[in-house]
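J.: What follows is model01.cif, made up of mmCIF, C-alpha atoms:
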```cif
data_entry
loop_
_atom_site.label_atom_id
_atom_site.label_comp_id
_atom_site.auth_asym_id
_atom_site.auth_seq_id
_atom_site.Cartn_x
_atom_site.Cartn_y
_atom_site.Cartn_z
CA MET A 1 35.06 45.84 6.81
CA LYS A 2 36.95 48.70 5.21
CA LEU A 3 34.34 51.08 3.90
CA ASP A 4 35.91 54.53 4.02
CA LYS A 5 35.88 55.07 0.27
CA ILE A 6 33.18 53.80 -2.02
CA LEU A 7 32.87 54.27 -5.76
CA LEU A 8 29.40 55.34 -6.83
CA ALA A 9 29.04 53.73 -10.24
CA THR A 10 26.57 55.85 -12.13
CA THR A 11 26.94 58.01 -15.22
CA ASN A 12 23.45 59.47 -14.79
CA LYS A 13 23.80 63.05 -13.49
CA GLY A 14 20.34 63.12 -11.93
CA LYS A 15 21.07 59.96 -9.95
CA LEU A 16 24.55 61.11 -8.94
CA LYS A 17 23.13 64.32 -7.50
CA GLU A 18 20.39 62.50 -5.56
CA PHE A 19 22.81 59.90 -4.27
CA LYS A 20 25.35 62.41 -3.00
CA HIS A 21 22.57 64.24 -1.20
CA LEU A 22 21.18 61.04 0.29
CA LEU A 23 24.55 59.59 1.31
CA LYS A 24 25.62 62.65 3.29
CA ASP A 25 24.71 60.80 6.50
CA ALA A 26 26.82 57.74 5.83
CA GLU A 27 30.22 59.21 6.74
CA ILE A 28 32.00 57.72 3.78
CA GLN A 29 34.02 59.30 1.00
CA ILE A 30 32.17 58.92 -2.29
CA LEU A 31 34.23 58.55 -5.46
CA SER A 32 32.51 58.98 -8.78
CA LEU A 33 33.37 57.45 -12.14
CA GLN A 34 34.85 60.79 -13.23
CA ASP A 35 37.50 60.39 -10.48
CA MET A 36 38.74 57.14 -12.00
CA PRO A 37 41.75 57.31 -14.34
CA GLN A 38 40.77 54.55 -16.77
CA LYS A 39 37.30 54.18 -18.21
CA ILE A 40 35.44 50.93 -18.72
CA GLU A 41 32.01 50.33 -20.17
CA VAL A 42 29.47 48.05 -18.52
CA VAL A 43 26.48 46.92 -20.56
CA GLU A 44 23.18 46.69 -18.67
CA ASP A 45 21.69 43.72 -20.46
CA ARG A 46 20.15 41.67 -17.65
CA PRO A 47 16.43 40.91 -17.28
CA THR A 48 16.01 42.38 -13.76
CA PHE A 49 17.02 45.54 -11.89
CA LEU A 50 18.91 43.50 -9.32
CA GLU A 51 20.94 41.55 -11.84
CA ASN A 52 21.85 44.74 -13.70
CA ALA A 53 22.90 46.47 -10.49
CA ILE A 54 24.99 43.49 -9.42
CA LYS A 55 26.62 43.26 -12.84
CA LYS A 56 27.61 46.93 -12.68
CA ALA A 57 28.84 46.69 -9.09
CA LYS A 58 30.90 43.57 -9.75
CA GLU A 59 32.50 44.72 -12.99
CA TYR A 60 33.52 48.12 -11.62
CA ALA A 61 34.66 46.70 -8.26
CA LEU A 62 36.80 43.96 -9.79
CA PHE A 63 38.35 46.42 -12.25
CA TYR A 64 39.06 49.32 -9.86
CA LYS A 65 39.61 47.13 -6.74
CA VAL A 66 37.39 49.27 -4.53
CA PRO A 67 33.97 48.77 -2.95
CA VAL A 68 31.26 49.93 -5.34
CA ILE A 69 27.68 51.13 -4.99
CA ALA A 70 25.56 50.62 -8.09
CA GLU A 71 21.86 51.08 -8.64
CA ASP A 72 19.36 49.96 -11.20
CA ALA A 73 15.96 51.55 -11.02
CA GLY A 74 12.96 52.05 -13.19
CA LEU A 75 9.27 52.48 -13.66
CA GLU A 76 6.88 49.51 -13.89
CA ILE A 77 3.47 50.34 -15.36
CA ASP A 78 0.79 47.70 -14.75
CA ALA A 79 -1.18 48.36 -17.95
CA LEU A 80 2.04 47.91 -19.95
CA GLY A 81 2.81 44.56 -18.30
CA GLY A 82 5.62 46.04 -16.22
CA PHE A 83 7.26 48.03 -19.04
CA PRO A 84 9.38 50.16 -19.33
CA GLY A 85 11.05 48.25 -16.42
CA VAL A 86 14.75 47.60 -17.06
CA TYR A 87 14.37 49.57 -20.30
CA SER A 88 13.32 52.75 -18.48
CA ALA A 89 16.37 54.82 -19.45
CA ARG A 90 16.20 53.94 -23.15
CA PHE A 91 12.51 53.15 -23.59
CA PHE A 92 12.21 55.75 -26.39
CA SER A 93 14.59 53.65 -28.56
CA LEU A 94 13.00 50.25 -27.85
CA LYS A 95 11.49 49.41 -31.26
CA GLU A 96 10.14 46.01 -30.16
CA PHE A 97 7.76 47.57 -27.61
CA GLY A 98 5.64 50.46 -28.77
CA GLY A 99 7.94 51.61 -31.56
CA GLU A 100 10.74 54.17 -31.53
CA GLU A 101 10.02 57.69 -30.25
CA PRO A 102 11.95 60.53 -31.91
CA VAL A 103 14.22 62.52 -29.56
CA GLN A 104 13.51 66.23 -29.86
CA ASP A 105 14.87 68.05 -26.81
CA SER A 106 16.01 65.20 -24.49
CA THR A 107 15.82 61.44 -24.04
CA ASP A 108 13.90 61.97 -20.75
CA ARG A 109 11.28 63.86 -22.71
CA ALA A 110 11.15 61.23 -25.49
CA ASN A 111 10.64 58.47 -22.87
CA ILE A 112 7.77 60.43 -21.32
CA LEU A 113 6.10 61.08 -24.67
CA LYS A 114 6.26 57.40 -25.52
CA VAL A 115 4.67 56.38 -22.21
CA LEU A 116 1.88 58.97 -22.62
CA ARG A 117 1.27 57.77 -26.20
CA LEU A 118 1.02 54.11 -25.08
CA MET A 119 -1.22 55.05 -22.14
CA GLU A 120 -3.62 57.18 -24.18
CA GLY A 121 -7.20 56.31 -23.23
CA GLU A 122 -5.99 53.70 -20.70
CA LYS A 123 -8.03 53.78 -17.46
CA ASN A 124 -5.71 51.63 -15.32
CA ARG A 125 -2.81 54.01 -14.65
CA THR A 126 -1.22 52.34 -11.61
CA ALA A 127 2.55 52.04 -11.60
CA ARG A 128 5.52 51.76 -9.28
CA PHE A 129 9.07 52.98 -9.17
CA VAL A 130 11.61 50.36 -8.09
CA SER A 131 15.17 50.94 -6.90
CA ASN A 132 17.69 48.16 -6.28
CA ILE A 133 20.98 49.33 -4.82
CA VAL A 134 23.99 47.03 -4.53
CA LEU A 135 27.15 47.46 -2.47
CA TYR A 136 29.90 45.04 -3.42
CA ILE A 137 33.26 44.46 -1.72
CA PRO A 138 35.45 42.73 -4.34
CA GLU A 139 35.79 38.92 -3.91
CA GLU A 140 34.32 39.13 -0.42
CA GLU A 141 30.67 39.99 -0.11
CA GLY A 142 27.90 42.21 -1.26
CA PHE A 143 24.47 43.32 -0.29
CA TRP A 144 21.49 45.00 -1.80
CA THR A 145 18.48 46.96 -0.66
CA GLU A 146 15.14 47.52 -2.35
CA GLY A 147 12.81 50.48 -2.38
CA TYR A 148 9.36 50.87 -3.93
CA LEU A 149 7.13 53.87 -4.59
CA TYR A 150 3.55 53.22 -5.70
CA GLY A 151 1.48 55.72 -7.64
CA GLU A 152 -0.04 56.46 -11.01
CA ILE A 153 0.76 57.90 -14.42
CA THR A 154 -0.71 61.36 -15.02
CA GLN A 155 -2.37 62.48 -18.28
CA SER A 156 0.40 65.00 -18.99
CA PRO A 157 3.79 66.11 -17.58
CA LEU A 158 3.75 68.43 -14.58
CA GLY A 159 6.68 70.06 -12.73
CA GLU A 160 10.32 70.84 -13.39
CA GLY A 161 12.17 69.00 -10.59
CA GLY A 162 13.71 65.53 -10.46
CA PHE A 163 14.54 63.69 -13.67
CA GLY A 164 13.38 60.77 -15.81
CA TYR A 165 9.68 59.99 -15.52
CA ASP A 166 9.13 62.20 -12.44
CA PRO A 167 6.86 64.71 -14.29
CA ILE A 168 4.28 62.00 -15.12
CA PHE A 169 4.34 60.03 -11.83
CA ARG A 170 2.02 60.99 -8.99
CA PRO A 171 2.68 59.01 -5.77
CA ILE A 172 -0.27 57.53 -3.88
CA ASP A 173 -1.76 60.08 -1.46
CA SER A 174 -0.03 62.96 -3.23
CA GLU A 175 -1.63 65.70 -5.29
CA LYS A 176 1.65 66.55 -6.96
CA THR A 177 3.90 64.67 -9.36
CA LEU A 178 7.43 63.75 -8.21
CA ALA A 179 8.73 66.61 -10.38
CA GLN A 180 6.59 69.09 -8.42
CA LEU A 181 8.12 68.09 -5.08
CA SER A 182 11.24 69.65 -3.54
CA PRO A 183 14.33 67.38 -3.51
CA GLU A 184 13.78 66.86 0.24
CA GLU A 185 10.12 65.90 -0.21
CA LYS A 186 11.00 63.56 -3.06
CA ASN A 187 13.84 61.85 -1.17
CA ARG A 188 11.65 61.30 1.87
CA ILE A 189 9.18 59.11 -0.04
CA SER A 190 11.01 57.94 -3.13
CA HIS A 191 12.04 54.39 -3.99
CA ARG A 192 15.68 55.57 -4.11
CA GLY A 193 15.37 57.40 -0.78
CA GLN A 194 14.03 54.26 0.91
CA ALA A 195 16.67 52.00 -0.59
CA VAL A 196 19.49 54.41 0.30
CA ARG A 197 18.30 54.77 3.90
CA LYS A 198 18.33 50.98 4.30
CA LEU A 199 21.79 50.95 2.71
CA ILE A 200 23.14 53.55 5.14
CA LYS A 201 21.77 51.55 8.06
CA VAL A 202 23.54 48.43 6.85
CA ILE A 203 26.79 50.31 6.11
CA LYS A 204 26.80 51.69 9.64
CA GLN A 205 26.27 48.22 11.12
CA LEU A 206 28.99 46.71 8.96
CA LYS A 207 31.45 49.46 9.88
CA ASN A 208 31.06 48.65 13.59
CA GLU A 209 33.73 45.98 13.60
CA MET B 210 16.27 42.98 11.31
CA LYS B 211 14.23 39.94 12.34
CA LEU B 212 16.45 36.95 11.77
CA ASP B 213 15.37 34.33 14.31
CA LYS B 214 14.17 31.84 11.72
CA ILE B 215 15.76 31.34 8.35
CA LEU B 216 14.79 28.86 5.64
CA LEU B 217 17.78 27.01 4.20
CA ALA B 218 16.76 26.45 0.61
CA THR B 219 18.63 23.39 -0.54
CA THR B 220 17.45 19.95 -1.58
CA ASN B 221 21.02 18.60 -1.68
CA LYS B 222 21.52 16.38 1.40
CA GLY B 223 25.29 16.81 1.42
CA LYS B 224 24.96 20.59 1.47
CA LEU B 225 22.19 20.55 4.08
CA LYS B 226 24.37 18.50 6.43
CA GLU B 227 27.38 20.79 5.97
CA PHE B 228 25.29 23.93 6.37
CA LYS B 229 23.63 22.79 9.60
CA HIS B 230 27.04 21.95 10.99
CA LEU B 231 28.52 25.29 9.90
CA LEU B 232 25.58 27.40 11.07
CA LYS B 233 25.60 26.04 14.62
CA ASP B 234 27.35 29.24 15.74
CA ALA B 235 24.82 31.65 14.28
CA GLU B 236 22.12 31.28 16.96
CA ILE B 237 19.28 31.12 14.51
CA GLN B 238 16.61 28.51 13.95
CA ILE B 239 17.14 26.84 10.59
CA LEU B 240 14.10 25.63 8.68
CA SER B 241 14.59 23.26 5.78
CA LEU B 242 12.46 22.80 2.68
CA GLN B 243 11.06 19.59 4.19
CA ASP B 244 9.49 21.70 6.98
CA MET B 245 7.47 23.72 4.47
CA PRO B 246 3.86 22.63 3.82
CA GLN B 247 3.65 23.47 0.12
CA LYS B 248 6.35 22.62 -2.39
CA ILE B 249 7.56 24.86 -5.19
CA GLU B 250 10.20 24.19 -7.81
CA VAL B 251 12.89 26.71 -8.66
CA VAL B 252 14.86 26.21 -11.86
CA GLU B 253 18.56 27.10 -11.69
CA ASP B 254 19.02 28.42 -15.20
CA ARG B 255 21.20 31.50 -14.70
CA PRO B 256 24.73 31.93 -16.12
CA THR B 257 26.49 32.59 -12.78
CA PHE B 258 26.53 31.10 -9.28
CA LEU B 259 25.43 34.39 -7.78
CA GLU B 260 22.45 34.86 -10.07
CA ASN B 261 21.31 31.28 -9.43
CA ALA B 262 21.64 31.69 -5.67
CA ILE B 263 19.72 34.99 -5.76
CA LYS B 264 17.00 33.49 -7.93
CA LYS B 265 16.52 30.63 -5.46
CA ALA B 266 16.59 32.92 -2.42
CA LYS B 267 14.10 35.38 -3.92
CA GLU B 268 11.62 32.83 -5.21
CA TYR B 269 11.50 30.85 -1.97
CA ALA B 270 11.45 33.99 0.23
CA LEU B 271 8.64 35.67 -1.71
CA PHE B 272 6.61 32.44 -1.70
CA TYR B 273 7.08 31.41 1.94
CA LYS B 274 7.41 34.99 3.32
CA VAL B 275 10.48 34.17 5.41
CA PRO B 276 14.16 35.10 5.15
CA VAL B 277 15.98 32.53 3.03
CA ILE B 278 19.56 31.35 2.73
CA ALA B 279 20.42 29.84 -0.66
CA GLU B 280 23.74 28.77 -2.12
CA ASP B 281 25.06 28.03 -5.53
CA ALA B 282 28.45 26.45 -5.70
CA GLY B 283 30.56 24.53 -8.13
CA LEU B 284 33.87 23.52 -9.54
CA GLU B 285 35.71 25.61 -12.14
CA ILE B 286 38.47 23.76 -14.01
CA ASP B 287 40.89 26.00 -15.90
CA ALA B 288 41.71 23.48 -18.67
CA LEU B 289 37.97 23.14 -19.34
CA GLY B 290 37.46 26.91 -19.63
CA GLY B 291 35.72 27.10 -16.25
CA PHE B 292 33.42 24.09 -16.75
CA PRO B 293 31.57 22.37 -15.09
CA GLY B 294 30.81 25.74 -13.33
CA VAL B 295 27.08 26.32 -12.89
CA TYR B 296 26.51 22.89 -14.43
CA SER B 297 28.47 21.12 -11.67
CA ALA B 298 25.51 19.19 -10.24
CA ARG B 299 24.29 17.90 -13.62
CA PHE B 300 27.49 17.93 -15.65
CA PHE B 301 27.05 14.21 -16.49
CA SER B 302 23.89 15.03 -18.47
CA LEU B 303 25.25 18.08 -20.32
CA LYS B 304 25.39 16.76 -23.91
CA GLU B 305 26.69 20.05 -25.36
CA PHE B 306 29.93 19.89 -23.39
CA GLY B 307 31.83 16.60 -23.45
CA GLY B 308 28.81 14.39 -24.16
CA GLU B 309 26.50 12.58 -21.77
CA GLU B 310 28.00 10.25 -19.13
CA PRO B 311 25.91 7.19 -18.20
CA VAL B 312 24.82 7.06 -14.54
CA GLN B 313 25.77 3.74 -12.98
CA ASP B 314 25.75 4.01 -9.19
CA SER B 315 25.20 7.76 -8.58
CA THR B 316 25.14 11.12 -10.34
CA ASP B 317 28.11 12.28 -8.20
CA ARG B 318 30.08 9.34 -9.59
CA ALA B 319 28.96 10.02 -13.18
CA ASN B 320 30.04 13.68 -12.85
CA ILE B 321 33.46 12.58 -11.58
CA LEU B 322 33.92 10.04 -14.37
CA LYS B 323 33.09 12.68 -16.98
CA VAL B 324 35.62 15.15 -15.56
CA LEU B 325 38.34 12.47 -15.42
CA ARG B 326 37.57 11.46 -19.01
CA LEU B 327 37.79 15.08 -20.25
CA MET B 328 40.99 15.66 -18.25
CA GLU B 329 42.75 12.50 -19.49
CA GLY B 330 46.32 13.37 -20.48
CA GLU B 331 45.79 17.04 -19.52
CA LYS B 332 48.84 18.51 -17.72
CA ASN B 333 47.18 21.71 -16.45
CA ARG B 334 44.96 20.41 -13.63
CA THR B 335 44.35 23.64 -11.68
CA ALA B 336 40.80 24.29 -10.52
CA ARG B 337 38.83 26.11 -7.87
CA PHE B 338 35.67 25.53 -5.90
CA VAL B 339 33.40 28.57 -5.62
CA SER B 340 30.54 29.12 -3.16
CA ASN B 341 28.12 32.03 -3.33
CA ILE B 342 25.69 32.22 -0.44
CA VAL B 343 22.73 34.60 -0.43
CA LEU B 344 20.54 35.71 2.47
CA TYR B 345 17.39 37.51 1.37
CA ILE B 346 14.77 39.28 3.49
CA PRO B 347 11.65 39.52 1.30
CA GLU B 348 11.07 42.94 -0.33
CA GLU B 349 13.68 44.53 1.95
CA GLU B 350 17.28 43.59 1.40
CA GLY B 351 19.72 40.81 0.78
CA PHE B 352 23.36 40.04 0.94
CA TRP B 353 25.79 37.51 -0.32
CA THR B 354 29.21 36.19 0.58
CA GLU B 355 31.79 34.43 -1.57
CA GLY B 356 34.28 31.70 -0.77
CA TYR B 357 36.99 30.17 -2.94
CA LEU B 358 39.16 27.08 -2.59
CA TYR B 359 42.04 26.63 -5.04
CA GLY B 360 43.57 23.27 -5.86
CA GLU B 361 43.89 20.65 -8.56
CA ILE B 362 42.12 17.69 -10.11
CA THR B 363 43.63 14.33 -9.19
CA GLN B 364 44.19 11.45 -11.64
CA SER B 365 41.62 9.26 -9.87
CA PRO B 366 39.07 9.47 -7.03
CA LEU B 367 40.39 9.15 -3.47
CA GLY B 368 38.48 9.12 -0.16
CA GLU B 369 34.93 8.49 1.02
CA GLY B 370 33.99 11.75 2.80
CA GLY B 371 32.23 14.89 1.54
CA PHE B 372 30.14 14.76 -1.63
CA GLY B 373 30.18 15.89 -5.25
CA TYR B 374 33.65 16.31 -6.72
CA ASP B 375 35.45 16.08 -3.36
CA PRO B 376 37.20 12.76 -4.19
CA ILE B 377 39.04 14.27 -7.20
CA PHE B 378 39.91 17.70 -5.74
CA ARG B 379 43.16 18.20 -3.83
CA PRO B 380 43.44 21.68 -2.24
CA ILE B 381 46.69 23.63 -2.61
CA ASP B 382 49.19 22.65 0.11
CA SER B 383 47.26 19.48 0.91
CA GLU B 384 48.33 15.90 0.29
CA LYS B 385 44.79 14.64 0.61
CA THR B 386 41.65 15.15 -1.48
CA LEU B 387 38.67 16.92 0.12
CA ALA B 388 37.01 13.50 0.48
CA GLN B 389 39.95 12.27 2.58
CA LEU B 390 39.59 15.08 5.11
CA SER B 391 37.38 14.96 8.22
CA PRO B 392 34.27 17.20 8.09
CA GLU B 393 36.02 19.63 10.47
CA GLU B 394 39.18 19.77 8.35
CA LYS B 395 37.12 20.28 5.19
CA ASN B 396 34.94 23.03 6.69
CA ARG B 397 37.99 24.90 7.95
CA ILE B 398 39.39 25.41 4.45
CA SER B 399 36.48 24.91 2.08
CA HIS B 400 34.84 27.50 -0.15
CA ARG B 401 31.54 26.86 1.67
CA GLY B 402 33.17 27.11 5.09
CA GLN B 403 34.68 30.49 4.21
CA ALA B 404 31.45 31.85 2.74
CA VAL B 405 29.39 30.62 5.71
CA ARG B 406 31.79 32.16 8.26
CA LYS B 407 31.49 35.53 6.50
CA LEU B 408 27.71 35.07 6.47
CA ILE B 409 27.57 34.38 10.20
CA LYS B 410 29.65 37.49 10.88
CA VAL B 411 27.24 39.61 8.84
CA ILE B 412 24.15 38.00 10.44
CA LYS B 413 25.52 38.78 13.90
CA GLN B 414 26.17 42.41 12.92
CA LEU B 415 22.72 42.79 11.39
CA LYS B 416 21.04 41.27 14.45
CA ASN B 417 22.61 43.94 16.69
CA GLU B 418 19.83 46.43 16.15
#
```
So, in terms of structure tokens, how does the structure I just supplied come out?

T.:
Amino acid sequence: MKLDKILLATTNKGKLKEFKHLLKDAEIQILSLQDMPQKIEVVEDRPTFLENAIKKAKEYALFYKVPVIAEDAGLEIDALGGFPGVYSARFFSLKEFGGEEPVQDSTDRANILKVLRLMEGEKNRTARFVSNIVLYIPEEEGFWTEGYLYGEITQSPLGEGGFGYDPIFRPIDSEKTLAQLSPEEKNRISHRGQAVRKLIKVIKQLKNE
Amino acid sequence: MKLDKILLATTNKGKLKEFKHLLKDAEIQILSLQDMPQKIEVVEDRPTFLENAIKKAKEYALFYKVPVIAEDAGLEIDALGGFPGVYSARFFSLKEFGGEEPVQDSTDRANILKVLRLMEGEKNRTARFVSNIVLYIPEEEGFWTEGYLYGEITQSPLGEGGFGYDPIFRPIDSEKTLAQLSPEEKNRISHRGQAVRKLIKVIKQLKNE
């Protein structure tokens, strides 16, 4: 299988940075959407992480005619019945669940404030981060890997690292939130780190042809 | 990856027979749904072959805790805007598109009669068979392969082999319908044959750990 160049289909800067760091071991050239001459928009409207990631991977791969890596990831909070889930990135704007949260400094911050508001006084704070990563080779085959990180939602944001919900997520057996860990510490345990390491393993096996 | 035993999640006898034949080379033990003690029902209600195949693979794999192979396949007819597509197996009963077709001897036959009725007088008879096969290892990873067979819809059914729409599908460069070919001839060119051969290649690579 020809896997020298792969397009990493994410517009999220936090993810792009983590991915490039994590994929250093894979010995492949990573293209990003900014490298592509024509732009297309892919709507993430599916009910599961996997279906969203596959939709992104397929639409970009069939348009640009290159292998594509796409991820969908998010936070599932038990007391909220699995929300924000596939709505993680735009939870602040989801009127139908918990009402809209005004954006003051950033959407990350608005998402966090909404979660803390909905979790106020809630004793059950267990949650998990989920990452589904898809690699698709146009009209041929694809595969995906899954990574999970279990933990709980803190009472308030702590730490400046990472992105998204990291400041309010404390992994099991950790005294720090994800945002208080170094990038290396985060990648070692994170849902994305686990899924990427499985991906690299599979890429290496598939390249041995 | 532990891939000695894989559950082949299909209730379609025609498919099961073809799969067992095709997977002989893969050196894995194939379990079928009849071997499983408890029964579950999985509804194929997704808009694409791939999403249906993934849904089946995931639900069976998470329930039985074994790796699962699942397929969704079907016939896409250009003059019918891609129908029967994901409705291929139950096209006869799809009231919303072309009206219900009474079942006389078999549902395969009713599906064929409905297609021939809708294609009466139609000059553009191009079509393709599509197979999407998914292998899923519970909570770890999955992959899928795709196979396509291009051809056209005949004016009437011909041949006794195969199953489904085989009697009215003549592959490009063939003078016979799929139902007039021997199992070996059909597997060599078919959408399912292509997808399974890619699958076996990937299974062999993944087993080399």

J.: Could you tell me, as a VMD selection string, exactly which residues end up selected when the PyMOL selection byres ((chain B) within 12 of (chain A)) is applied to this structure?

T.: chain B and resid 210 255 to 257 259 to 264 267 339 to 357 400 403 to 408 410 to 418

J.: Tell me, as a PyMOL selection string, which residues lie within 7 Å of Gln29 (chain A), counting all atoms listed in the file; anything in the same chain fewer than 2 positions away does not count.

T.: chain A and resi 4-6+27+31

J.: Do you know which residues are at most 6 Å from Leu7 (chain A) counting all atoms listed in the file, after dropping those on the same chain fewer than 6 positions away, and could you put them as a list in words?

T.: Ile30, Leu31, Ser32 and Val68 of chain A

J.: What do you get, as a PDB file with C-alpha atoms, keeping the file's coordinate frame, if you spell out every residue that the PyMOL selection byres ((chain B and resi 377) around 10) selects here?

T.:
```pdb
ATOM      1  CA  ILE B 321      33.460  12.580 -11.580  1.00  0.00           C
ATOM      2  CA  LEU B 322      33.920  10.040 -14.370  1.00  0.00           C
ATOM      3  CA  VAL B 324      35.620  15.150 -15.560  1.00  0.00           C
ATOM      4  CA  LEU B 325      38.340  12.470 -15.420  1.00  0.00           C
ATOM      5  CA  GLU B 361      43.890  20.650  -8.560  1.00  0.00           C
ATOM      6  CA  ILE B 362      42.120  17.690 -10.110  1.00  0.00           C
ATOM      7  CA  THR B 363      43.630  14.330  -9.190  1.00  0.00           C
ATOM      8  CA  GLN B 364      44.190  11.450 -11.640  1.00  0.00           C
ATOM      9  CA  SER B 365      41.620   9.260  -9.870  1.00  0.00           C
ATOM     10  CA  PRO B 366      39.070   9.470  -7.030  1.00  0.00           C
ATOM     11  CA  LEU B 367      40.390   9.150  -3.470  1.00  0.00           C
ATOM     12  CA  GLY B 368      38.480   9.120  -0.160  1.00  0.00           C
ATOM     13  CA  GLY B 373      30.180  15.890  -5.250  1.00  0.00           C
ATOM     14  CA  TYR B 374      33.650  16.310  -6.720  1.00  0.00           C
ATOM     15  CA  ASP B 375      35.450  16.080  -3.360  1.00  0.00           C
ATOM     16  CA  PRO B 376      37.200  12.760  -4.190  1.00  0.00           C
ATOM     17  CA  PHE B 378      39.910  17.700  -5.740  1.00  0.00           C
ATOM     18  CA  ARG B 379      43.160  18.200  -3.830  1.00  0.00           C
ATOM     19  CA  PRO B 380      43.440  21.680  -2.240  1.00  0.00           C
ATOM     20  CA  LYS B 385      44.790  14.640   0.610  1.00  0.00           C
ATOM     21  CA  THR B 386      41.650  15.150  -1.480  1.00  0.00           C
ATOM     22  CA  LEU B 387      38.670  16.920   0.120  1.00  0.00           C
ATOM     23  CA  ALA B 388      37.010  13.500   0.480  1.00  0.00           C
TER      24      ALA B 388
END
```

J.: Mind giving me the straight-line distance from CA of Glu227 (chain B) to CA of Lys323 (chain B) in Å, one decimal?

T.: 25.0 Å

J.: Measuring between all atoms listed in the file, which one of B:Ala235, B:Gly223, B:Pro276, B:Leu390 shows the shortest distance to Asp317 (chain B)?

T.: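 Result for the nearest residue to Asp317 (chain B): B:Gly223.
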
J.: Find the residues near region 96-106 of chain A: any atom within 12 Å, counting only C-alpha atoms, skip ones fewer than 4 places away on the same chain, and give them as a ChimeraX atom specification.

T.: /A:80-85,87-92,110-119,163-164

J.: Between CA of Phe63 (chain A) and CA of Phe338 (chain B), what distance in Å does the model show, to one decimal?

T.: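 So the answer is 22.0 Å.
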
J.: In Å, how far is it from CA of Ala266 (chain B) to CA of Glu250 (chain B)?

T.: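 Computed distance, CA of Ala266 (chain B) to CA of Glu250 (chain B), equals 12.1 Å.
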
J.: Rank nothing, just name the residue among B:Glu280, B:Glu268, B:Ile286, B:Glu369 nearest to Glu331 (chain B), using all atoms listed in the file.

T.: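 Between B:Glu280, B:Glu268, B:Ile286, B:Glu369, the residue approaching Glu331 (chain B) most closely is B:Ile286.
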
J.: I'd like to know which of A:Lys15, A:His21, A:Glu184, A:Tyr64 is closest to Lys39 (chain A), using only C-alpha atoms.

T.: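 Closest candidate: A:Tyr64.
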
J.: Identify which of the residues B:Lys222, B:Ser391, B:Ile381, B:Met245 lies closest to Val275 (chain B), counting all atoms listed in the file when measuring atom-to-atom distances.

T.: B:Met245

J.: Point out the residue among A:Ser174, A:Arg125, A:Ala61, A:Ile200 with the least atom-to-atom distance to Asp25 (chain A), counting all atoms listed in the file.

T.: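 Smallest separation from Asp25 (chain A) among the options: A:Ile200.
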